[in-house]
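For reference, the structure discussed in these notes is given below.
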Amino acid sequence: MEIIKWGIIGCGDVAELKSGPAFQKIPSSELLAVMRRNIHKVEDFALRHEVPIWSNNAEDLLNNKEINALYIATPPSTHLKYALEALHSGKNVYLEKPMALTANEAGSIVEAVAQTNCKLTVAHYRRRLPAFVKVKELIEQNSIGKVLFADVQILQPKKSNMIADTEKNWRLNPEISGGGYFYDIAPHQIDLMYHYFGAFDKIEGFSSSENNKGLVEDTVNGIIKFQNGIQFRGIWNFTAFDGNTKDKCIIYGEKGRICFSFYGGSVVLISKQGNQVFNFKNPKHIQQPMIAAVVDYFLGKADNPCTAKEGLLIMQALEKLSGR
């Protein structure tokens with residue numbers, strides 16, 4: 001395999017800017033085909049982005065022998081179906097987060113990867129963004145000494161800029177999303193904590209739902225103990241007063257702390273040496289660094305930037321934190 005020839009299943013709002021164009025900008029990567037159920041919208045996407053093949057039937061991409069990798073960017077309710085079909089069709093998979101509707105479904109995907117010769121990466125793309133790479137670098141350089149604990153606060157109003165704007169708000173339908181805004185946003189935070197601190201030991205959490213007819217969580221409060229002794233606490237609320245809006249993580253160490261947001265570009269290091277501020281600008285297509293790493297992995301040039309087993313661990317953590 002000398003070039004990754006991609007198909008996208010689900011070329012909606014996420015694929016429009018965050019990911020889709022990146023497949024055409026990376027060496028040894030080509031976007032060959034796109035699929036969306038609405039034929040007029042998929043044709044429009046293909047023509048604007050100069051994609052040669054479009055369809056409103058996923059089977060057309062699954063059966064296309066020239067396509068050797070599929071990006072599955074549909075809502076979580078169809079991740080299991082398309083991931084299994086893609087793997088059994090002999091295609092590598094880049095799978096959007098959250099990995100599936102439930103941890104059980106994610107486990108089925110892990111089993112399928114083990115049973116085939118195909119590769120799969122979960123799209124926890126913040127691992128490769130420059131600000132979060134810097135955070136990991138500061139931790140590994142012992143910039144704050146031994147890490148003790150981390151604190152995350154995500155407080156957002158009902159209309160949050162964090163949430164992608166779509167025609168139909170499927171994220172509040174658990175049969176499609178798995179668990180509301182918490183399942184949409186929290187994977188970014190939990191995956192980075194896992195990426196920074198390693199394996200989980202114990203996870204506990206509580207949730208409540210005051211709106212949305214009780215179908216999904218409005219507030220989630222959780223704690224995690226990692227196997228290395230580091231502890232974490234997090235609060236997520238999606239009915240916050242505008243004046244209480246917050247997007248903040250603080251990692252505390254014996255000799256200082258690291259502060260950053262998940263949707264900003266600055267990292268602040270506070271230590272005995274003084275305060276340092278590191279500013280970063282995200283790429284235009286925010287998933288491009290991760291997709292570049294996926295292409296290298298699929299070509300056998302690098303390790304998997306986020307394995308299916310890691311995606312399963314995050315799904316299990318989401319369920320425990322929400323008290324399921």
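Chains: A, B, ... in order of the structure tokens. Residues: from 1 per chain. Ligands: from 1, in order shown.
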Find the residues around Phe278 of chain A up to 8 Å (only C-alpha atoms counted), leave out those fewer than 4 positions away in its own chain, and share them as a count of residues only.
-> 4
Give me the residues within 8 Å of Glu175 of chain A as a compact mmCIF listing (two decimals) with N, CA and C atoms, in the first residue's frame, counting only C-alpha atoms and dropping any in the same chain fewer than 3 places off.
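Writing done, so here's selection08.txt:
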```txt
# COMPACT_ATOMS: atom_id res chain seq x y z
N SER A 77 -24.79 6.12 16.65
CA SER A 77 -25.73 5.01 16.52
C SER A 77 -25.39 4.06 15.38
N LEU A 101 -22.22 3.65 20.63
CA LEU A 101 -23.30 4.05 21.54
C LEU A 101 -23.01 3.63 22.98
N GLY A 178 -26.03 8.37 22.29
CA GLY A 178 -25.53 7.58 23.41
C GLY A 178 -25.72 8.26 24.74
```
Shell around segment 308-324 of chain A at 6 Å using only C-alpha atoms, local window under 2 positions removed, as a ChimeraX atom specification | /A:103,106,110,204-207,220,222
Using only C-alpha atoms, which residues sit within 12 Å of Cys11 of chain A once same-chain residues fewer than 5 positions away are excluded, as a PyMOL selection string?
-> chain A and resi 16-21+31+33-39+41-46+49+51+54-56+58+70-75+96
Residue among A:Tyr252, A:Phe280, A:Phe200, A:Trp6 lying closest to Ile144 of chain A, counting only C-alpha atoms |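 Using only C-alpha atoms, Ile144 of chain A sits closest to A:Tyr252.
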Can you tell me, as number ranges by chain, what residues are no more than 8 Å from Val295 of chain A when counting only C-alpha atoms, ignoring any on the same chain fewer than 4 positions away?
-> A: 4, 28-29, 291, 299
What does the distance between atom CA of Lys272 of chain A and atom CA of Lys134 of chain A come to in Å, to one decimal place?
->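 Atom CA of Lys272 of chain A sits 19.1 Å away from atom CA of Lys134 of chain A.
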Find the spatial neighbours of segment 223-227 of chain A, counting only C-alpha atoms, within a cut-off of 10 Å - ignore same-chain residues fewer than 4 positions away - and output them as number ranges by chain.
-> A: 149-151, 190, 193-194, 197-206, 231-235, 317, 320-321
What are the DSSP strand (DSSP E or B) residues of segment 113-302 of chain A, as a ChimeraX atom specification?
-> /A:120-122,147-155,200-208,219-226,231-237,246-253,256-260,266-271,274-279
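With distances restricted to only C-alpha atoms, A:Gly7 is the closest residue to Asn92 of chain A from A:Gly107, A:Gly256, A:Pro283, A:Gly7.
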Select, from A:Ile185, A:Val152, A:Ala86, A:Ala302, the residue with the minimum atom-to-atom distance to Lys65 of chain A, counting only C-alpha atoms.
-> A:Ala86
Quick one: of A:Ala69, A:Ile176, A:Leu32, A:Leu269, who's nearest to Ser143 of chain A, counting only C-alpha atoms?
->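 Of all the options, A:Leu269 lies closest to Ser143 of chain A.
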Within 12 Å of Thr219 of chain A, counting only C-alpha atoms, which residues qualify if same-chain residues fewer than 3 places away don't, as a VMD selection string?
-> chain A and resid 153 to 158 179 to 183 186 205 to 211 214 216 222 234 to 240 321 to 323
Point out the residue among A:Val294, A:Cys306, A:Ile109, A:Ile286 with the least atom-to-atom distance to Pro130 of chain A, counting only C-alpha atoms.
->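 Of all the options, A:Ile286 lies closest to Pro130 of chain A.
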